[in-house]
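Trainee: If you scroll down you'll find the structure; I have some questions about it.
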Amino acid sequence: MSEYDVVIVGGGPAGLAAALYTARMDLRTVVVDRGPLGGQLLNTELIEDYPGFESILGSELATKMGEHARRFGVTVRDFEPVKEIDVEGNIKVVRLESGEELRAPALIMAAGGLPRYLQVPGEKEFWGRGVSYCAVCDGAFFKGQELAVVGGGDAAVEEGDFLTRYASKVYIIHRRSELRAQPILVDRAKANPKIEFIFDAHVKEISGDSKVQVVRYEQHGELIELSVGGVFIFVGFVPNSGLFKVHVNHDEAGYLLTDRNMETSVEGVWAVGDVRSQLTKQIATAVGDGTTAAVAASMYVTSLKDPARA
Ligand code: NAP
């Protein structure tokens, strides 16, 4: 068992910003993550919308944020999957898969989410054999091949554009005739001669032999077959809010609801970044969430230690 003032679950931008602030405020802080520090930054090639960095590699920003937090004395427990989160009186208990418990009065939930599955035949079977959810991780395996990208949001359009550095052609298959992605990303993709958009198309199946060979979609009542070497799926995101053993208020999609200080319906539990119900999922907003939660958590911890200062 290890005791802290603040446990932060998730080492992406929201969690690392929170950690930087709580550690600077002299709170004993631990960040736990099932993987390396960086969260979604590690699945992003280039970042061009984080103020102060006109253009920076996601992996580089992740390293910088991690080093910055460590410099203020944050304990980092990376590659440590969390099994569950419980509440015992004032104390929040984070149980790791390893069996260890991290305990603290304040818990900042910054665990982000996972890609949403398309849920079509072949998706699971060909995962890792042509089906991927990460262009930065897997794009280079598809040099010179034709690829399909499924989705119409920022991720599909941005990652589709990124994949053209390896692929000979990228088909972006979207279920509607309008894209959800930001205009700047759409304009860039439309100007890319290697990208072809396929609209009003519903992917029905992914198939192949040992690897993906074909994606089948329905368009205007017709079933169409496209030969591709890989299918990259970017159809949204499912928040990692299921770790709590206690009830924490959330919206229909599972995103945690917070007040303006990022506090959830459970006293002493804050939610920040992509796991929180909010308008957008940006690095800048994640960092802002983490900062707000850190300041609120610090006030909470101080009030527990010294009720006269509450
Ligand atoms: P998203 O914005 O939720 O878009 C998901 C896309 O997948 C939508 O176009 C949606 O179609 C489609 N979709 C959902 N379920 C589907 C299904 N079952 N079959 C086919 N298509 C389906 O998700 P995202 O693109 O992953 O982005 C997630 C968040 O990260 C967003 O807030 C985004 O702004 C942010 N992000 C930002 C950047 C950036 O700023 N550069 C980059 C990446 C992600 P409909 O449009 O018809 O609903």
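Letters A, B, ... mark the chains of the structure tokens in the order given; residue numbers begin at 1 per chain; ligand numbers begin at 1, in order shown.
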Residues within 9 Å of A:Gln182, please, as a list of chain:residue names. Count only C-alpha atoms; anything in the same chain fewer than 3 positions from it doesn't count.

Mentor: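 Selected residues are A:Gly153, A:Asp154, A:Val157, A:Leu179, A:Leu185, A:Val186, A:Asp187.
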
Trainee: Mind writing the picked residues with C-alpha atoms as a short mmCIF file (atom, residue, chain, number, x, y, z; two decimals), in the first residue's frame?

Mentor:
```
data_model
loop_
_atom_site.label_atom_id
_atom_site.label_comp_id
_atom_site.auth_asym_id
_atom_site.auth_seq_id
_atom_site.Cartn_x
_atom_site.Cartn_y
_atom_site.Cartn_z
CA GLY A 153 -14.38 13.18 -37.81
CA ASP A 154 -11.08 14.93 -37.11
CA VAL A 157 -9.54 12.98 -41.91
CA LEU A 179 -17.81 15.42 -42.75
CA LEU A 185 -8.35 19.36 -41.93
CA VAL A 186 -10.99 18.75 -44.62
CA ASP A 187 -9.41 21.32 -46.98
#
```

Trainee: Can you tell me, as a short mmCIF file (atom, residue, chain, number, x, y, z; two decimals) with N, CA, C and O atoms, in the first residue's frame, what residues are no more than 6 Å from stretch 272-288 of chain A when counting only C-alpha atoms, ignoring any on the same chain fewer than 3 positions away?

Mentor:
```
data_model
loop_
_atom_site.label_atom_id
_atom_site.label_comp_id
_atom_site.auth_asym_id
_atom_site.auth_seq_id
_atom_site.Cartn_x
_atom_site.Cartn_y
_atom_site.Cartn_z
N PRO A 13 -2.01 14.37 -21.48
CA PRO A 13 -1.84 15.80 -21.19
C PRO A 13 -2.65 16.28 -19.98
O PRO A 13 -2.16 17.08 -19.18
N ALA A 14 -3.89 15.77 -19.81
CA ALA A 14 -4.72 16.22 -18.68
C ALA A 14 -4.10 15.76 -17.36
O ALA A 14 -3.94 16.55 -16.42
N ALA A 17 -0.65 17.56 -16.70
CA ALA A 17 -0.81 18.96 -16.29
C ALA A 17 -1.25 19.01 -14.83
O ALA A 17 -0.72 19.79 -14.02
N ALA A 110 -8.05 10.82 -15.15
CA ALA A 110 -7.60 11.39 -16.42
C ALA A 110 -7.31 10.26 -17.41
O ALA A 110 -6.36 10.33 -18.18
N GLY A 112 -8.79 9.09 -20.03
CA GLY A 112 -9.10 9.17 -21.47
C GLY A 112 -10.09 8.11 -21.92
O GLY A 112 -11.10 7.86 -21.26
N PRO A 239 -15.15 6.52 -23.52
CA PRO A 239 -14.42 6.96 -22.32
C PRO A 239 -14.14 5.80 -21.36
O PRO A 239 -14.95 4.89 -21.22
N TYR A 255 -19.36 9.44 -20.52
CA TYR A 255 -18.43 10.52 -20.14
C TYR A 255 -18.82 11.03 -18.74
O TYR A 255 -20.01 11.23 -18.46
N LEU A 256 -17.82 11.27 -17.90
CA LEU A 256 -18.09 11.69 -16.52
C LEU A 256 -18.54 13.15 -16.48
O LEU A 256 -17.98 14.01 -17.18
N LEU A 257 -19.55 13.41 -15.66
CA LEU A 257 -20.08 14.78 -15.52
C LEU A 257 -19.35 15.47 -14.38
O LEU A 257 -19.11 14.85 -13.32
N THR A 291 -5.34 21.53 -14.85
CA THR A 291 -4.91 22.65 -14.00
C THR A 291 -6.01 23.01 -13.00
O THR A 291 -5.75 23.16 -11.80
#
```

Trainee: Identify, counting only C-alpha atoms and all ligand atoms, the protein, DNA and RNA residues located within 9 Å of ligand 1, and give them as a PyMOL selection string.

Mentor: chain A and resi 44+46-49+115-120+150-159+173-182+185+201-203+233-237+274+278-283

Trainee: Can I get the selected residues back with C-alpha atoms, as a short mmCIF file (atom, residue, chain, number, x, y, z; two decimals), in the first residue's frame?

Mentor:
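Wrote it out as out-v3.cif, contents follow:
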```cif
data_model
loop_
_atom_site.label_atom_id
_atom_site.label_comp_id
_atom_site.auth_asym_id
_atom_site.auth_seq_id
_atom_site.Cartn_x
_atom_site.Cartn_y
_atom_site.Cartn_z
CA THR A 44 -0.66 11.55 -33.06
CA LEU A 46 2.16 16.11 -35.69
CA ILE A 47 0.48 18.60 -33.39
CA GLU A 48 -0.19 22.02 -34.85
CA ASP A 49 -2.87 23.33 -32.51
CA PRO A 115 -11.21 3.78 -29.90
CA ARG A 116 -14.79 2.80 -30.63
CA TYR A 117 -15.18 -0.41 -32.61
CA LEU A 118 -17.02 -0.45 -35.92
CA GLN A 119 -18.54 -3.81 -34.99
CA VAL A 120 -18.62 -5.39 -38.41
CA VAL A 150 -13.52 4.65 -41.89
CA GLY A 151 -15.07 7.71 -40.24
CA GLY A 152 -15.70 11.38 -40.91
CA GLY A 153 -14.38 13.18 -37.81
CA ASP A 154 -11.08 14.93 -37.11
CA ALA A 155 -9.28 11.67 -36.48
CA ALA A 156 -10.37 9.98 -39.74
CA VAL A 157 -9.54 12.98 -41.91
CA GLU A 158 -6.26 13.87 -40.20
CA GLU A 159 -5.02 10.29 -39.99
CA ILE A 173 -15.34 6.00 -46.21
CA HIS A 174 -17.96 8.00 -44.35
CA ARG A 175 -21.54 7.09 -43.57
CA ARG A 176 -22.95 10.56 -44.33
CA SER A 177 -22.42 13.07 -47.15
CA GLU A 178 -20.98 15.66 -44.77
CA LEU A 179 -17.81 15.42 -42.75
CA ARG A 180 -17.72 16.25 -39.07
CA ALA A 181 -14.01 17.18 -39.17
CA GLN A 182 -12.72 20.77 -38.85
CA LEU A 185 -8.35 19.36 -41.93
CA ALA A 201 -21.29 4.49 -47.46
CA HIS A 202 -21.82 2.00 -44.65
CA VAL A 203 -19.03 -0.51 -44.12
CA ILE A 233 -10.98 2.70 -38.17
CA PHE A 234 -11.61 6.12 -36.60
CA VAL A 235 -15.27 6.13 -35.61
CA GLY A 236 -14.96 7.83 -32.26
CA PHE A 237 -13.99 7.18 -28.76
CA ASP A 274 -11.16 13.04 -22.71
CA GLN A 278 -17.42 18.39 -22.65
CA LEU A 279 -17.54 20.10 -26.03
CA THR A 280 -14.18 19.10 -27.42
CA LYS A 281 -11.18 16.87 -26.94
CA GLN A 282 -8.14 19.00 -27.44
CA ILE A 283 -4.71 19.01 -25.77
#
```

Trainee: Could you list, as a PyMOL selection string, every residue within 8 Å of A:Ser59, counting only C-alpha atoms and ignoring same-chain residues fewer than 4 positions away?

Mentor: chain A and resi 38+41-42+44-45+63

Trainee: Write out as a list of chain:residue names the residues lying within 8 Å of A:Asn43, counting only C-alpha atoms and excluding same-chain residues fewer than 5 positions away.

Mentor: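 Contacts, in chain order: A:Gly58, A:Cys134, A:Ala135, A:Val136, A:Cys137.
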
Trainee: The selected residues should be written to file as a PDB file, in the first residue's frame (atoms: N, CA and C atoms).

Mentor:
```
ATOM      1  N   GLY A  58       3.880  14.472 -31.637  1.00  0.00           N
ATOM      2  CA  GLY A  58       3.131  14.051 -30.452  1.00  0.00           C
ATOM      3  C   GLY A  58       4.053  13.398 -29.429  1.00  0.00           C
ATOM      4  N   CYS A 134      -4.626   3.012 -35.268  1.00  0.00           N
ATOM      5  CA  CYS A 134      -3.553   3.975 -35.021  1.00  0.00           C
ATOM      6  C   CYS A 134      -2.653   4.114 -36.247  1.00  0.00           C
ATOM      7  N   ALA A 135      -2.811   5.243 -36.947  1.00  0.00           N
ATOM      8  CA  ALA A 135      -2.029   5.464 -38.166  1.00  0.00           C
ATOM      9  C   ALA A 135      -0.543   5.645 -37.853  1.00  0.00           C
ATOM     10  N   VAL A 136      -0.253   6.364 -36.780  1.00  0.00           N
ATOM     11  CA  VAL A 136       1.152   6.614 -36.436  1.00  0.00           C
ATOM     12  C   VAL A 136       1.855   5.297 -36.107  1.00  0.00           C
ATOM     13  N   CYS A 137       1.134   4.408 -35.402  1.00  0.00           N
ATOM     14  CA  CYS A 137       1.745   3.136 -35.000  1.00  0.00           C
ATOM     15  C   CYS A 137       1.937   2.193 -36.192  1.00  0.00           C
TER      16      CYS A 137
END
```

Trainee: Need the shell around stretch 160-172 of chain A: protein/DNA/RNA residues with any atom at most 7 Å away, counting only C-alpha atoms. Skip same-chain ones fewer than 5 positions apart. Format as a ChimeraX atom specification?

Mentor: /A:135,139-140,142-150,189,194-198

Trainee: Check stretch 102-175 of chain A with DSSP on the backbone and list each residue it calls helix (DSSP H, G or I), as a list in words.

Mentor: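 Output for stretch 102-175 of chain A, helix (DSSP H, G or I) only: Ala135, Val136, Cys137, Asp138, Gly139, Ala140, Phe141, Phe142, Asp154, Ala155, Ala156, Val157, Glu158, Glu159, Gly160, Asp161, Phe162 and Leu163 of chain A.
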
Trainee: Create the file for the chosen residues now, containing N, CA, C and O atoms and written as a PDB file, in the first residue's frame.

Mentor:
```pdb
ATOM      1  N   ALA A 135      -2.811   5.243 -36.947  1.00  0.00           N
ATOM      2  CA  ALA A 135      -2.029   5.464 -38.166  1.00  0.00           C
ATOM      3  C   ALA A 135      -0.543   5.645 -37.853  1.00  0.00           C
ATOM      4  O   ALA A 135       0.319   5.139 -38.568  1.00  0.00           O
ATOM      5  N   VAL A 136      -0.253   6.364 -36.780  1.00  0.00           N
ATOM      6  CA  VAL A 136       1.152   6.614 -36.436  1.00  0.00           C
ATOM      7  C   VAL A 136       1.855   5.297 -36.107  1.00  0.00           C
ATOM      8  O   VAL A 136       2.999   5.074 -36.496  1.00  0.00           O
ATOM      9  N   CYS A 137       1.134   4.408 -35.402  1.00  0.00           N
ATOM     10  CA  CYS A 137       1.745   3.136 -35.000  1.00  0.00           C
ATOM     11  C   CYS A 137       1.937   2.193 -36.192  1.00  0.00           C
ATOM     12  O   CYS A 137       2.960   1.510 -36.289  1.00  0.00           O
ATOM     13  N   ASP A 138       0.950   2.127 -37.081  1.00  0.00           N
ATOM     14  CA  ASP A 138       0.937   1.039 -38.070  1.00  0.00           C
ATOM     15  C   ASP A 138       1.085   1.481 -39.526  1.00  0.00           C
ATOM     16  O   ASP A 138       1.259   0.633 -40.401  1.00  0.00           O
ATOM     17  N   GLY A 139       0.998   2.798 -39.788  1.00  0.00           N
ATOM     18  CA  GLY A 139       1.005   3.282 -41.179  1.00  0.00           C
ATOM     19  C   GLY A 139       2.166   2.760 -42.007  1.00  0.00           C
ATOM     20  O   GLY A 139       1.995   2.372 -43.172  1.00  0.00           O
ATOM     21  N   ALA A 140       3.345   2.710 -41.408  1.00  0.00           N
ATOM     22  CA  ALA A 140       4.549   2.353 -42.173  1.00  0.00           C
ATOM     23  C   ALA A 140       4.517   0.912 -42.696  1.00  0.00           C
ATOM     24  O   ALA A 140       5.281   0.561 -43.600  1.00  0.00           O
ATOM     25  N   PHE A 141       3.627   0.072 -42.139  1.00  0.00           N
ATOM     26  CA  PHE A 141       3.530  -1.317 -42.627  1.00  0.00           C
ATOM     27  C   PHE A 141       2.828  -1.393 -43.985  1.00  0.00           C
ATOM     28  O   PHE A 141       2.740  -2.457 -44.576  1.00  0.00           O
ATOM     29  N   PHE A 142       2.276  -0.273 -44.442  1.00  0.00           N
ATOM     30  CA  PHE A 142       1.416  -0.326 -45.631  1.00  0.00           C
ATOM     31  C   PHE A 142       1.993   0.481 -46.797  1.00  0.00           C
ATOM     32  O   PHE A 142       1.251   1.032 -47.602  1.00  0.00           O
ATOM     33  N   ASP A 154     -12.460  14.415 -37.042  1.00  0.00           N
ATOM     34  CA  ASP A 154     -11.082  14.926 -37.113  1.00  0.00           C
ATOM     35  C   ASP A 154     -10.070  13.790 -37.271  1.00  0.00           C
ATOM     36  O   ASP A 154      -9.122  13.892 -38.058  1.00  0.00           O
ATOM     37  N   ALA A 155     -10.271  12.741 -36.485  1.00  0.00           N
ATOM     38  CA  ALA A 155      -9.277  11.666 -36.485  1.00  0.00           C
ATOM     39  C   ALA A 155      -9.208  11.005 -37.855  1.00  0.00           C
ATOM     40  O   ALA A 155      -8.113  10.824 -38.408  1.00  0.00           O
ATOM     41  N   ALA A 156     -10.366  10.666 -38.444  1.00  0.00           N
ATOM     42  CA  ALA A 156     -10.374   9.982 -39.743  1.00  0.00           C
ATOM     43  C   ALA A 156      -9.701  10.841 -40.814  1.00  0.00           C
ATOM     44  O   ALA A 156      -8.870  10.357 -41.590  1.00  0.00           O
ATOM     45  N   VAL A 157     -10.046  12.118 -40.841  1.00  0.00           N
ATOM     46  CA  VAL A 157      -9.542  12.982 -41.914  1.00  0.00           C
ATOM     47  C   VAL A 157      -8.050  13.278 -41.715  1.00  0.00           C
ATOM     48  O   VAL A 157      -7.253  13.198 -42.651  1.00  0.00           O
ATOM     49  N   GLU A 158      -7.672  13.556 -40.471  1.00  0.00           N
ATOM     50  CA  GLU A 158      -6.264  13.871 -40.200  1.00  0.00           C
ATOM     51  C   GLU A 158      -5.371  12.639 -40.397  1.00  0.00           C
ATOM     52  O   GLU A 158      -4.325  12.699 -41.028  1.00  0.00           O
ATOM     53  N   GLU A 159      -5.833  11.509 -39.885  1.00  0.00           N
ATOM     54  CA  GLU A 159      -5.020  10.287 -39.990  1.00  0.00           C
ATOM     55  C   GLU A 159      -5.013   9.770 -41.434  1.00  0.00           C
ATOM     56  O   GLU A 159      -4.022   9.210 -41.892  1.00  0.00           O
ATOM     57  N   GLY A 160      -6.125   9.973 -42.142  1.00  0.00           N
ATOM     58  CA  GLY A 160      -6.166   9.589 -43.554  1.00  0.00           C
ATOM     59  C   GLY A 160      -5.112  10.352 -44.339  1.00  0.00           C
ATOM     60  O   GLY A 160      -4.371   9.790 -45.147  1.00  0.00           O
ATOM     61  N   ASP A 161      -5.014  11.628 -44.049  1.00  0.00           N
ATOM     62  CA  ASP A 161      -4.014  12.477 -44.696  1.00  0.00           C
ATOM     63  C   ASP A 161      -2.601  11.980 -44.339  1.00  0.00           C
ATOM     64  O   ASP A 161      -1.741  11.832 -45.209  1.00  0.00           O
ATOM     65  N   PHE A 162      -2.404  11.674 -43.080  1.00  0.00           N
ATOM     66  CA  PHE A 162      -1.097  11.186 -42.631  1.00  0.00           C
ATOM     67  C   PHE A 162      -0.717   9.888 -43.354  1.00  0.00           C
ATOM     68  O   PHE A 162       0.436   9.694 -43.758  1.00  0.00           O
ATOM     69  N   LEU A 163      -1.704   9.008 -43.540  1.00  0.00           N
ATOM     70  CA  LEU A 163      -1.411   7.696 -44.137  1.00  0.00           C
ATOM     71  C   LEU A 163      -0.932   7.798 -45.590  1.00  0.00           C
ATOM     72  O   LEU A 163      -0.289   6.882 -46.093  1.00  0.00           O
TER      73      LEU A 163
END
```

Trainee: Between A:Asp33, A:Glu3, A:Asp259, A:Glu54, which has the minimum distance to A:Met109 (counting only C-alpha atoms)?

Mentor: A:Asp33

Trainee: With distances taken over only C-alpha atoms, which residue among A:Gly73, A:Gly89, A:Gly39, A:Gly12 lies nearest A:Asp26?

Mentor: A:Gly73

Trainee: Can you tell me, as a list of chain:residue names, what residues are no more than 9 Å from A:Pro36 when counting only C-alpha atoms, ignoring any on the same chain fewer than 4 positions away?

Mentor: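 My reading of the contact set: A:Gly11, A:Leu42, A:Asp78, A:Phe79.
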
Trainee: Have a look at atom CA of A:Leu61 and atom CA of A:Thr29 and let me know their distance in Å, one decimal.

Mentor: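 Computed distance, atom CA of A:Leu61 to atom CA of A:Thr29, equals 21.0 Å.
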